[in-house]
Every structure is written in structure tokens, then in C-alpha cells.
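Printed here is upload_11.pdb (PDB, C-alpha atoms):
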ATOM      1  CA  MET A   8      16.442  28.541  43.147
ATOM      2  CA  ALA A   9      17.810  25.079  43.844
ATOM      3  CA  ARG A  10      19.440  23.468  40.847
ATOM      4  CA  ASN A  11      19.223  19.754  40.220
ATOM      5  CA  SER A  12      19.541  18.883  43.859
ATOM      6  CA  GLY A  13      17.759  16.258  45.912
ATOM      7  CA  PRO A  14      16.897  12.663  45.169
ATOM      8  CA  GLU A  15      13.730  13.463  43.199
ATOM      9  CA  THR A  16      15.559  15.372  40.485
ATOM     10  CA  THR A  17      18.156  12.682  39.835
ATOM     11  CA  ALA A  18      15.982   9.586  40.150
ATOM     12  CA  ARG A  19      15.730   7.410  37.075
ATOM     13  CA  ARG A  20      12.288   7.626  35.515
ATOM     14  CA  LEU A  21      10.580   5.885  32.623
ATOM     15  CA  PRO A  22       8.864   8.642  30.580
ATOM     16  CA  GLY A  23       5.175   8.203  29.830
ATOM     17  CA  ASP A  24       2.841   5.380  30.692
ATOM     18  CA  LEU A  25       4.333   1.986  31.583
ATOM     19  CA  ALA A  26       1.779   0.271  29.318
ATOM     20  CA  ILE A  27       3.088   2.016  26.194
ATOM     21  CA  TRP A  28       6.550   0.613  26.866
ATOM     22  CA  PHE A  29       5.255  -2.950  26.969
ATOM     23  CA  PHE A  30       3.379  -2.178  23.739
ATOM     24  CA  ILE A  31       6.599  -0.768  22.217
ATOM     25  CA  LEU A  32       8.526  -3.894  23.230
ATOM     26  CA  ALA A  33       5.876  -6.064  21.537
ATOM     27  CA  GLU A  34       6.109  -3.934  18.396
ATOM     28  CA  LEU A  35       9.910  -4.072  18.379
ATOM     29  CA  LEU A  36       9.745  -7.840  18.738
ATOM     30  CA  ALA A  37       7.316  -8.122  15.795
ATOM     31  CA  PHE A  38       9.357  -5.835  13.530
ATOM     32  CA  GLY A  39      12.577  -7.553  14.616
ATOM     33  CA  VAL A  40      11.207 -10.955  13.594
ATOM     34  CA  PHE A  41      10.090  -9.561  10.219
ATOM     35  CA  PHE A  42      13.497  -7.982   9.583
ATOM     36  CA  VAL A  43      15.408 -11.157  10.446
ATOM     37  CA  VAL A  44      13.066 -13.329   8.361
ATOM     38  CA  TYR A  45      13.551 -10.921   5.432
ATOM     39  CA  ALA A  46      17.345 -11.044   5.838
ATOM     40  CA  PHE A  47      17.509 -14.851   5.951
ATOM     41  CA  THR A  48      15.057 -15.215   3.045
ATOM     42  CA  ARG A  49      17.253 -12.819   1.074
ATOM     43  CA  ALA A  50      20.245 -15.040   1.859
ATOM     44  CA  ASN A  51      18.570 -17.809  -0.161
ATOM     45  CA  HIS A  52      17.583 -15.524  -3.079
ATOM     46  CA  VAL A  53      20.431 -13.008  -3.242
ATOM     47  CA  GLU A  54      20.324 -12.428  -7.010
ATOM     48  CA  LEU A  55      16.542 -11.932  -7.098
ATOM     49  CA  PHE A  56      16.586  -9.537  -4.131
ATOM     50  CA  ASN A  57      19.541  -7.537  -5.511
ATOM     51  CA  ALA A  58      17.926  -7.227  -8.947
ATOM     52  CA  GLU A  59      14.478  -6.186  -7.723
ATOM     53  CA  GLN A  60      15.879  -3.876  -5.058
ATOM     54  CA  LEU A  61      17.198  -1.743  -7.921
ATOM     55  CA  THR A  62      13.581  -0.928  -8.875
ATOM     56  CA  LEU A  63      13.040   0.813  -5.509
ATOM     57  CA  ASP A  64      13.393   4.564  -5.227
ATOM     58  CA  ARG A  65      16.172   5.035  -2.664
ATOM     59  CA  THR A  66      15.780   8.807  -2.776
ATOM     60  CA  SER A  67      12.136   8.494  -1.681
ATOM     61  CA  GLY A  68      13.294   6.210   1.115
ATOM     62  CA  ALA A  69      15.950   8.718   2.194
ATOM     63  CA  ILE A  70      13.490  11.632   2.037
ATOM     64  CA  ASN A  71      11.099   9.643   4.204
ATOM     65  CA  THR A  72      13.890   8.943   6.686
ATOM     66  CA  VAL A  73      14.625  12.677   6.891
ATOM     67  CA  LEU A  74      10.911  13.420   7.349
ATOM     68  CA  LEU A  75      10.562  10.920  10.198
ATOM     69  CA  LEU A  76      13.756  12.087  11.939
ATOM     70  CA  THR A  77      12.697  15.727  11.637
ATOM     71  CA  SER A  78       9.249  14.861  12.914
ATOM     72  CA  SER A  79      10.840  13.100  15.896
ATOM     73  CA  PHE A  80      12.969  16.186  16.592
ATOM     74  CA  PHE A  81       9.844  18.365  16.578
ATOM     75  CA  VAL A  82       8.146  15.981  19.014
ATOM     76  CA  VAL A  83      11.171  16.182  21.334
ATOM     77  CA  ARG A  84      10.946  19.983  21.209
ATOM     78  CA  ALA A  85       7.227  19.819  21.993
ATOM     79  CA  VAL A  86       7.919  17.620  25.026
ATOM     80  CA  GLN A  87      10.713  19.943  26.198
ATOM     81  CA  VAL A  88       8.499  23.010  25.878
ATOM     82  CA  ALA A  89       5.628  21.306  27.689
ATOM     83  CA  GLU A  90       7.994  20.161  30.431
ATOM     84  CA  ALA A  91       9.111  23.768  30.826
ATOM     85  CA  GLY A  92       5.501  24.688  31.570
ATOM     86  CA  PHE A  93       4.418  26.064  28.199
ATOM     87  CA  SER A  94       1.846  23.582  26.981
ATOM     88  CA  ARG A  95       0.325  25.860  24.341
ATOM     89  CA  ARG A  96       3.744  26.540  22.837
ATOM     90  CA  ALA A  97       4.114  22.803  22.303
ATOM     91  CA  ALA A  98       1.188  22.853  19.846
ATOM     92  CA  PRO A  99       3.113  24.390  16.880
ATOM     93  CA  TRP A 100       5.930  21.867  17.359
ATOM     94  CA  LEU A 101       3.394  19.062  17.256
ATOM     95  CA  ALA A 102       1.736  20.566  14.177
ATOM     96  CA  ALA A 103       5.155  20.596  12.475
ATOM     97  CA  ALA A 104       5.729  16.986  13.547
ATOM     98  CA  PHE A 105       2.341  16.052  12.074
ATOM     99  CA  ALA A 106       3.190  17.823   8.802
ATOM    100  CA  CYS A 107       6.437  15.826   8.464
ATOM    101  CA  GLY A 108       4.599  12.582   9.242
ATOM    102  CA  ALA A 109       1.943  13.475   6.665
ATOM    103  CA  GLY A 110       4.763  14.165   4.201
ATOM    104  CA  PHE A 111       6.010  10.624   4.808
ATOM    105  CA  VAL A 112       2.530   9.298   3.993
ATOM    106  CA  VAL A 113       2.336  11.316   0.764
ATOM    107  CA  VAL A 114       5.775  10.132  -0.425
ATOM    108  CA  LYS A 115       4.858   6.530   0.399
ATOM    109  CA  ILE A 116       1.549   6.775  -1.461
ATOM    110  CA  PHE A 117       3.390   8.016  -4.566
ATOM    111  CA  GLU A 118       5.852   5.149  -4.177
ATOM    112  CA  TYR A 119       3.042   2.573  -3.871
ATOM    113  CA  ALA A 120       1.152   4.123  -6.812
ATOM    114  CA  GLU A 121       4.233   3.821  -8.995
ATOM    115  CA  LYS A 122       4.711   0.166  -8.057
ATOM    116  CA  ILE A 123       1.035  -0.717  -8.465
ATOM    117  CA  GLY A 124       1.035   1.130 -11.807
ATOM    118  CA  ALA A 125       3.932  -1.082 -12.904
ATOM    119  CA  GLY A 126       1.787  -4.136 -12.134
ATOM    120  CA  ILE A 127       3.662  -5.053  -8.960
ATOM    121  CA  SER A 128       1.697  -6.799  -6.219
ATOM    122  CA  LEU A 129       2.253  -9.035  -3.202
ATOM    123  CA  SER A 130       2.303 -12.069  -5.472
ATOM    124  CA  SER A 131       4.822 -10.647  -7.969
ATOM    125  CA  SER A 132       7.850 -12.122  -6.189
ATOM    126  CA  THR A 133       9.255 -12.977  -2.774
ATOM    127  CA  PHE A 134      11.100  -9.661  -2.701
ATOM    128  CA  TYR A 135       8.043  -7.564  -3.516
ATOM    129  CA  MET A 136       5.954  -9.559  -1.039
ATOM    130  CA  PHE A 137       8.419  -8.531   1.688
ATOM    131  CA  TYR A 138       8.825  -4.984   0.397
ATOM    132  CA  LEU A 139       5.081  -4.318   0.243
ATOM    133  CA  SER A 140       4.078  -6.105   3.453
ATOM    134  CA  LEU A 141       6.937  -4.755   5.603
ATOM    135  CA  THR A 142       6.630  -1.173   4.411
ATOM    136  CA  PHE A 143       2.818  -1.288   4.621
ATOM    137  CA  PHE A 144       2.979  -2.694   8.162
ATOM    138  CA  HIS A 145       5.196   0.261   9.045
ATOM    139  CA  PHE A 146       2.949   2.639   7.073
ATOM    140  CA  MET A 147      -0.036   1.653   9.264
ATOM    141  CA  HIS A 148       2.041   2.500  12.338
ATOM    142  CA  VAL A 149       2.753   5.938  10.865
ATOM    143  CA  ILE A 150      -0.991   6.475  10.352
ATOM    144  CA  LEU A 151      -1.707   5.526  13.980
ATOM    145  CA  GLY A 152       1.165   7.769  15.075
ATOM    146  CA  LEU A 153      -0.360  10.697  13.197
ATOM    147  CA  VAL A 154      -3.676  10.161  14.998
ATOM    148  CA  ILE A 155      -1.786  10.181  18.305
ATOM    149  CA  ILE A 156       0.139  13.356  17.381
ATOM    150  CA  ALA A 157      -3.151  15.046  16.446
ATOM    151  CA  ALA A 158      -4.543  14.130  19.880
ATOM    152  CA  MET A 159      -1.361  15.437  21.531
ATOM    153  CA  TRP A 160      -1.651  18.671  19.518
ATOM    154  CA  ASN A 161      -5.214  19.119  20.730
ATOM    155  CA  GLY A 162      -4.115  18.495  24.312
ATOM    156  CA  ALA A 163      -1.235  20.964  24.027
ATOM    157  CA  ARG A 164      -3.481  23.587  22.443
ATOM    158  CA  THR A 165      -5.858  23.423  25.403
ATOM    159  CA  GLY A 166      -2.991  23.711  27.894
ATOM    160  CA  ARG A 167      -3.268  20.151  29.180
ATOM    161  CA  TYR A 168       0.451  19.430  29.584
ATOM    162  CA  GLY A 169       2.977  20.803  32.032
ATOM    163  CA  PRO A 170       5.655  19.769  34.537
ATOM    164  CA  GLY A 171       2.974  18.086  36.655
ATOM    165  CA  ASN A 172       1.186  16.417  33.764
ATOM    166  CA  MET A 173       3.596  14.980  31.225
ATOM    167  CA  ASN A 174       2.215  11.459  31.011
ATOM    168  CA  GLY A 175       0.071  11.933  27.888
ATOM    169  CA  ILE A 176       2.595  13.788  25.760
ATOM    170  CA  GLU A 177       5.499  11.539  26.830
ATOM    171  CA  THR A 178       3.458   8.426  26.049
ATOM    172  CA  GLY A 179       2.577   9.613  22.544
ATOM    173  CA  ALA A 180       6.154  10.775  21.943
ATOM    174  CA  ALA A 181       7.558   7.364  22.902
ATOM    175  CA  TYR A 182       5.277   5.667  20.366
ATOM    176  CA  TRP A 183       6.268   8.083  17.590
ATOM    177  CA  HIS A 184       9.985   7.588  18.269
ATOM    178  CA  MET A 185       9.437   3.821  18.047
ATOM    179  CA  VAL A 186       7.941   4.286  14.562
ATOM    180  CA  ASP A 187      11.071   6.263  13.645
ATOM    181  CA  LEU A 188      13.437   3.712  15.234
ATOM    182  CA  VAL A 189      12.005   0.832  13.225
ATOM    183  CA  TRP A 190      12.330   2.761   9.944
ATOM    184  CA  LEU A 191      16.042   3.343  10.704
ATOM    185  CA  ILE A 192      16.603  -0.387  10.171
ATOM    186  CA  LEU A 193      13.984  -0.873   7.458
ATOM    187  CA  PHE A 194      15.505   1.722   5.119
ATOM    188  CA  PRO A 195      19.068   0.321   4.867
ATOM    189  CA  LEU A 196      17.829  -3.274   5.004
ATOM    190  CA  ILE A 197      15.323  -3.128   2.137
ATOM    191  CA  TYR A 198      16.447  -0.134   0.056
ATOM    192  CA  VAL A 199      20.241  -0.150   0.327
ATOM    193  CA  MET A 200      21.858  -3.404   1.546
ATOM    194  CA  ARG A 201      23.010  -5.552  -1.380
TER     195      ARG A 201
ATOM    196  CA  MET B  18      15.507  30.640  24.346
ATOM    197  CA  GLN B  19      12.798  32.050  26.512
ATOM    198  CA  SER B  20      11.437  28.656  27.383
ATOM    199  CA  SER B  21      14.831  27.472  28.620
ATOM    200  CA  LEU B  22      15.421  30.572  30.689
ATOM    201  CA  SER B  23      12.065  30.499  32.383
ATOM    202  CA  SER B  24      11.727  26.751  32.774
ATOM    203  CA  PRO B  25      11.750  25.124  36.189
ATOM    204  CA  ARG B  26      15.300  24.121  37.087
ATOM    205  CA  HIS B  27      14.526  20.457  37.661
ATOM    206  CA  ALA B  28      16.513  17.736  35.917
ATOM    207  CA  SER B  29      14.899  17.136  32.555
ATOM    208  CA  SER B  30      14.538  13.663  31.106
ATOM    209  CA  HIS B  31      14.411  15.184  27.649
ATOM    210  CA  GLY B  32      17.701  17.086  27.410
ATOM    211  CA  THR B  33      18.159  20.569  26.037
ATOM    212  CA  PRO B  34      16.986  22.100  22.739
ATOM    213  CA  ASN B  35      20.600  22.392  21.571
ATOM    214  CA  ARG B  36      21.339  18.749  22.268
ATOM    215  CA  ALA B  37      18.163  17.680  20.441
ATOM    216  CA  ALA B  38      19.172  19.797  17.422
ATOM    217  CA  ILE B  39      22.746  18.447  17.334
ATOM    218  CA  ILE B  40      21.413  14.897  17.499
ATOM    219  CA  TRP B  41      18.978  15.687  14.660
ATOM    220  CA  ALA B  42      21.882  16.982  12.536
ATOM    221  CA  ALA B  43      23.923  13.838  13.269
ATOM    222  CA  LEU B  44      20.955  11.639  12.339
ATOM    223  CA  ILE B  45      20.454  13.487   9.042
ATOM    224  CA  PHE B  46      24.166  13.255   8.249
ATOM    225  CA  ALA B  47      24.099   9.498   8.917
ATOM    226  CA  THR B  48      21.028   9.159   6.681
ATOM    227  CA  MET B  49      22.859  10.929   3.862
ATOM    228  CA  LEU B  50      25.759   8.493   4.260
ATOM    229  CA  THR B  51      23.383   5.539   3.949
ATOM    230  CA  TRP B  52      21.704   7.101   0.915
ATOM    231  CA  MET B  53      25.079   7.756  -0.751
ATOM    232  CA  VAL B  54      26.110   4.131  -0.262
ATOM    233  CA  GLY B  55      22.890   3.125  -2.010
ATOM    234  CA  GLU B  56      23.338   5.578  -4.867
ATOM    235  CA  ARG B  57      26.913   4.419  -5.483
ATOM    236  CA  GLY B  58      25.683   0.835  -5.547
ATOM    237  CA  ASP B  59      28.316  -0.172  -2.997
ATOM    238  CA  ALA B  60      28.014  -3.755  -1.832
ATOM    239  CA  GLY B  61      29.882  -6.352   0.166
ATOM    240  CA  PRO B  62      30.447  -7.418   3.763
ATOM    241  CA  ALA B  63      32.280  -4.227   4.743
ATOM    242  CA  VAL B  64      29.508  -2.047   3.309
ATOM    243  CA  THR B  65      26.839  -4.099   5.072
ATOM    244  CA  ALA B  66      28.789  -3.822   8.331
ATOM    245  CA  LEU B  67      28.966  -0.053   7.790
ATOM    246  CA  LEU B  68      25.224   0.195   7.081
ATOM    247  CA  MET B  69      24.314  -1.810  10.179
ATOM    248  CA  THR B  70      26.787   0.175  12.320
ATOM    249  CA  ILE B  71      25.217   3.424  11.102
ATOM    250  CA  ALA B  72      21.719   2.048  11.820
ATOM    251  CA  PHE B  73      22.814   0.957  15.302
ATOM    252  CA  ALA B  74      24.407   4.346  16.031
ATOM    253  CA  LYS B  75      21.274   6.193  14.870
ATOM    254  CA  GLY B  76      19.071   3.861  16.903
ATOM    255  CA  THR B  77      21.207   4.456  19.994
ATOM    256  CA  LEU B  78      20.663   8.219  19.718
ATOM    257  CA  ILE B  79      16.913   7.762  19.281
ATOM    258  CA  ILE B  80      16.667   5.301  22.179
ATOM    259  CA  LEU B  81      18.817   7.170  24.700
ATOM    260  CA  ASP B  82      17.967  10.777  23.827
ATOM    261  CA  TYR B  83      14.732  11.132  21.864
ATOM    262  CA  MET B  84      12.987   8.285  23.708
ATOM    263  CA  ALA B  85      14.635   9.625  26.890
ATOM    264  CA  LEU B  86      15.670   6.187  28.107
ATOM    265  CA  ARG B  87      19.083   7.533  29.184
ATOM    266  CA  ARG B  88      17.498   8.483  32.529
ATOM    267  CA  ALA B  89      15.097   5.558  32.720
ATOM    268  CA  PRO B  90      15.663   2.522  34.958
ATOM    269  CA  LEU B  91      18.600   0.666  33.414
ATOM    270  CA  MET B  92      16.535  -2.323  32.305
ATOM    271  CA  TRP B  93      14.695  -0.254  29.653
ATOM    272  CA  PRO B  94      17.628   1.184  27.696
ATOM    273  CA  LEU B  95      19.364  -2.186  27.912
ATOM    274  CA  ILE B  96      16.350  -3.984  26.421
ATOM    275  CA  ALA B  97      15.950  -1.430  23.614
ATOM    276  CA  LEU B  98      19.681  -1.312  22.785
ATOM    277  CA  GLY B  99      19.859  -5.099  23.069
ATOM    278  CA  TRP B 100      17.014  -5.398  20.526
ATOM    279  CA  MET B 101      18.809  -3.033  18.174
ATOM    280  CA  LEU B 102      22.130  -4.890  18.524
ATOM    281  CA  LEU B 103      20.491  -8.293  18.102
ATOM    282  CA  VAL B 104      18.528  -7.314  14.987
ATOM    283  CA  CYS B 105      21.514  -5.582  13.326
ATOM    284  CA  SER B 106      23.758  -8.563  14.153
ATOM    285  CA  MET B 107      21.250 -11.084  12.805
ATOM    286  CA  ILE B 108      20.956  -9.082   9.581
ATOM    287  CA  GLY B 109      24.768  -9.134   9.300
ATOM    288  CA  LEU B 110      24.800 -12.876   9.941
ATOM    289  CA  ALA B 111      22.131 -13.447   7.286
ATOM    290  CA  TYR B 112      24.136 -11.361   4.806
ATOM    291  CA  TRP B 113      27.215 -13.494   5.490
ATOM    292  CA  LYS B 114      25.105 -16.644   5.002
ATOM    293  CA  GLY B 115      23.988 -15.237   1.632
ATOM    294  CA  LEU B 116      27.624 -14.806   0.567
ATOM    295  CA  ALA B 117      28.404 -18.404   1.400
ATOM    296  CA  ALA B 118      25.332 -19.765  -0.429
TER     297      ALA B 118
END

Can you present the structure in this file as C-alpha cells?
Amino acid sequence: MARNSGPETTARRLPGDLAIWFFILAELLAFGVFFVVYAFTRANHVELFNAEQLTLDRTSGAINTVLLLTSSFFVVRAVQVAEAGFSRRAAPWLAAAFACGAGFVVVKIFEYAEKIGAGISLSSSTFYMFYLSLTFFHFMHVILGLVIIAAMWNGARTGRYGPGNMNGIETGAAYWHMVDLVWLILFPLIYVMR
Amino acid sequence: MQSSLSSPRHASSHGTPNRAAIIWAALIFATMLTWMVGERGDAGPAVTALLMTIAFAKGTLIILDYMALRRAPLMWPLIALGWMLLVCSMIGLAYWKGLAA
């Protein structure tokens, strides 16, 4: 069996659908603007931001980071298994990825409930306005990502993916990794940096 | 590793299971570092530089390996890494501005 020979095997290739990558770039641009606006607003209200940041639960934020990273790992494994020609074996990996993503949602709901219970809202302060709007914007992306993972799981379960048909699973995976990537900046920026 | 043994021997864009697992472990370790900095209440320019460096390093692993842009046309990893570098740098710049204020 030939191993990694020929131009086709070494050619550079963008995984998934080209359209998702333009969508990802638009999302990265939007999140990037939000992050930079947050950082420069903080620069004008350092004491307020430092004081109110202490009310956030960093452990919840760290647990959510671990959940998203683990979910991303499971998605990578699903893509690898599908690429190896075992679409149905990708389904359990995607189910595990979904479970981690759902775990993120549960932790975030508890976090929001605690803040709302303490009377905190968008109008409480500039810091909480940013905290709630930025994390909720990301939260909505996690929800959409979970819908996509569920669709990928269904596709894998029915044997849709394989070496000749990777577009769907690679497209969904790219979106999910983007959701993860954005959180990797959001967590230190809002929960830790002071 | 039945799937690896019986997989077609074409170049994969998505690496190997072992590589994915090692990267996951590195990402978790980096997350623990960030969390520890927060728990200790460490602050200052050096700490912020460390936090942004960790975020950039984690993002690089996600972009190149998990997103599989390492084998994509060069424009795509450069755009994604450029975004990461720009955002982390701007956050650092804003932090510095906050110190001077």
C-alpha cells in the first residue's frame, strides 16, 4: 500500500466547506472587536472592573474551559475516526462532545442564576454589562454548536461520513473549535486579568 | 488502535489520536495555570503578558491542530493566527493604558 505519496496526499486543503470559514472569520472579527472594546473600557475603569471581577466564579470559568477543550478533543477524535472510514464509530465521540458542551451550558446557567439572584443585571454597572453581554453572546454560540453537533451525531450514526465524504463533519467541527477558540481569550480576559 | 491500523494510509489533515490527546493535555495544563493565577490574585503587567501568552499558545494549538489549518492553504492559518496575535496584543496594550491612567 502506497504511503503518503503523490501530489494529492500532500496538497494543502481547507477542511470543510469554504463558506463556514468566511462565517468563522466574521465571528472572530465580531468577538475580537468586543474583546478589545472591553479591554479599553476597562482601562478607563480599572478599580471598578477589578472590584467586580472578584464577584465572578473563576472555578466555574475554568471548569467550563476544561469542558469546551475536552469537547473539542472528542470532536477531533470523531473526525479522525470518520476519516478512517468508520462513520458509525464517530457517533459516540460526538455524543461525548455534546455531553461536555451541555455541561458548559449547565454550569453557565448556574452562574447566571447566581448573578440574577444577587440582583445583577445588564444595567448594574459597566463591568456587568460587558460580563453578561459577552458571555451570553458566546453562550448562544455554544447552543448553536450543540445543535450542529447533534446533527453531526445523527449523520455519523447513519454512516454518512467517510474518507470520500468529510465535508459535513469537518464543517461542523470547524465551527465548534471556533467557539472553543473564542472562550480561550474570554476566560482570562474577563475572569482573571486584573 | 484498530481504527488507526485499518485506516487508509492517506495523509490526514487531522493528525493522529496520540497527537490530539497530547495537545488536549497541554491545553488543560495551560488552563490550570491560568486558573491558578486567578486564584492567587496575581496582577500586573508581567502577569497579564503571561496570561495573553498562554491564551495565544492555546489558540495556536487549536487553530493549527484541532481546526486542522496546519495543512490548509497558508492564507488561512495566517489570518487566524494574525487575529489571535492582534487581539492578545490589543488587550495587552489596553492593560498598559489602564496602568498609565

Any chance you could resolve the ChimeraX specification (/B :<7) & /A against this file and give the residues as JSON, numbers by chain?
{"A": [10, 11, 16, 17, 19, 20, 21, 22, 39, 43, 46, 47, 50, 51, 53, 65, 69, 73, 76, 77, 80, 83, 84, 87, 88, 91, 92, 181, 184, 188, 191, 192, 195, 199, 200, 201]}

Apply the PyMOL selection byres ((chain A and resi 125-140) around 9) to the structure shown and report the selected residues as a ChimeraX atom specification.
/A:41,45,48-49,52,55-56,59-60,119-124,141-145,197

Counting only C-alpha atoms, which residues of region 92-131 of chain A fall within 12 Å of region 171-178 of chain A, and what is the closest atom pair for each with its distance in Å at one decimal, ordered by chain and rising number, as a tab-separated table?
residue	atom	partner	partner_atom	distance
A:Gly92	CA	A:Gly171	CA	8.7
A:Phe93	CA	A:Met173	CA	11.5
A:Ser94	CA	A:Met173	CA	9.8
A:Ala97	CA	A:Ile176	CA	9.8
A:Ala98	CA	A:Ile176	CA	10.9
A:Leu101	CA	A:Ile176	CA	10.0

What gap, in Å, lies between CA of Lys115 (chain A) and CA of Ser67 (chain A)?
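Straight-line distance from CA of Lys115 (chain A) to CA of Ser67 (chain A) works out to 7.8 Å.
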
Residues selected by the PyMOL selection byres ((chain A and resi 152) around 8), written as a VMD selection string:
chain A and resid 148 to 151 153 to 156 179 182 to 183 186

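For the pair CA of Pro99 (chain A) and CA of Phe81 (chain A), the separation is 9.0 Å.
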
As an exercise, work out the distance from CA of Ile116 (chain A) to CA of Thr72 (chain A) in Å and give it to one decimal place.
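For CA of Ile116 (chain A) relative to CA of Thr72 (chain A), the distance reads 14.9 Å.
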
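The smallest atom-to-atom distance between Ala104 (chain A) and any of A:Leu36, A:Ala58, A:Ala89, A:Leu75, using only C-alpha atoms, is found for A:Leu75.
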
Starting from the block above, write region 115-158 of chain A out to a file with C-alpha atoms, as a PDB file, in the first residue's frame, please.
ATOM      1  CA  LYS A 115     -23.253  28.774  32.823  1.00  0.00           C
ATOM      2  CA  ILE A 116     -26.936  28.635  33.762  1.00  0.00           C
ATOM      3  CA  PHE A 117     -25.981  28.150  37.426  1.00  0.00           C
ATOM      4  CA  GLU A 118     -23.571  31.070  37.121  1.00  0.00           C
ATOM      5  CA  TYR A 119     -26.249  33.319  35.573  1.00  0.00           C
ATOM      6  CA  ALA A 120     -28.832  32.216  38.168  1.00  0.00           C
ATOM      7  CA  GLU A 121     -26.467  33.161  40.973  1.00  0.00           C
ATOM      8  CA  LYS A 122     -25.835  36.597  39.469  1.00  0.00           C
ATOM      9  CA  ILE A 123     -29.502  37.258  38.712  1.00  0.00           C
ATOM     10  CA  GLY A 124     -30.368  36.084  42.241  1.00  0.00           C
ATOM     11  CA  ALA A 125     -27.929  38.679  43.584  1.00  0.00           C
ATOM     12  CA  GLY A 126     -29.852  41.359  41.676  1.00  0.00           C
ATOM     13  CA  ILE A 127     -27.206  41.797  38.985  1.00  0.00           C
ATOM     14  CA  SER A 128     -28.391  42.836  35.529  1.00  0.00           C
ATOM     15  CA  LEU A 129     -27.087  44.494  32.374  1.00  0.00           C
ATOM     16  CA  SER A 130     -27.723  47.899  33.911  1.00  0.00           C
ATOM     17  CA  SER A 131     -25.946  47.173  37.215  1.00  0.00           C
ATOM     18  CA  SER A 132     -22.582  48.511  36.029  1.00  0.00           C
ATOM     19  CA  THR A 133     -20.322  48.806  33.000  1.00  0.00           C
ATOM     20  CA  PHE A 134     -18.453  45.688  34.089  1.00  0.00           C
ATOM     21  CA  TYR A 135     -21.569  43.556  34.484  1.00  0.00           C
ATOM     22  CA  MET A 136     -22.950  44.880  31.195  1.00  0.00           C
ATOM     23  CA  PHE A 137     -19.815  43.544  29.477  1.00  0.00           C
ATOM     24  CA  TYR A 138     -19.695  40.348  31.521  1.00  0.00           C
ATOM     25  CA  LEU A 139     -23.325  39.439  30.823  1.00  0.00           C
ATOM     26  CA  SER A 140     -23.457  40.503  27.168  1.00  0.00           C
ATOM     27  CA  LEU A 141     -20.092  38.991  26.162  1.00  0.00           C
ATOM     28  CA  THR A 142     -20.631  35.688  27.935  1.00  0.00           C
ATOM     29  CA  PHE A 143     -24.244  35.469  26.717  1.00  0.00           C
ATOM     30  CA  PHE A 144     -23.159  36.185  23.132  1.00  0.00           C
ATOM     31  CA  HIS A 145     -20.720  33.295  23.480  1.00  0.00           C
ATOM     32  CA  PHE A 146     -23.363  31.170  25.236  1.00  0.00           C
ATOM     33  CA  MET A 147     -25.662  31.491  22.187  1.00  0.00           C
ATOM     34  CA  HIS A 148     -22.810  30.237  20.003  1.00  0.00           C
ATOM     35  CA  VAL A 149     -22.448  27.206  22.278  1.00  0.00           C
ATOM     36  CA  ILE A 150     -26.177  26.492  21.891  1.00  0.00           C
ATOM     37  CA  LEU A 151     -25.902  26.677  18.088  1.00  0.00           C
ATOM     38  CA  GLY A 152     -22.792  24.493  18.263  1.00  0.00           C
ATOM     39  CA  LEU A 153     -24.703  21.867  20.231  1.00  0.00           C
ATOM     40  CA  VAL A 154     -27.416  21.796  17.556  1.00  0.00           C
ATOM     41  CA  ILE A 155     -24.698  21.294  14.933  1.00  0.00           C
ATOM     42  CA  ILE A 156     -23.026  18.509  16.955  1.00  0.00           C
ATOM     43  CA  ALA A 157     -26.408  16.780  17.320  1.00  0.00           C
ATOM     44  CA  ALA A 158     -26.835  16.919  13.530  1.00  0.00           C
TER      45      ALA A 158
END
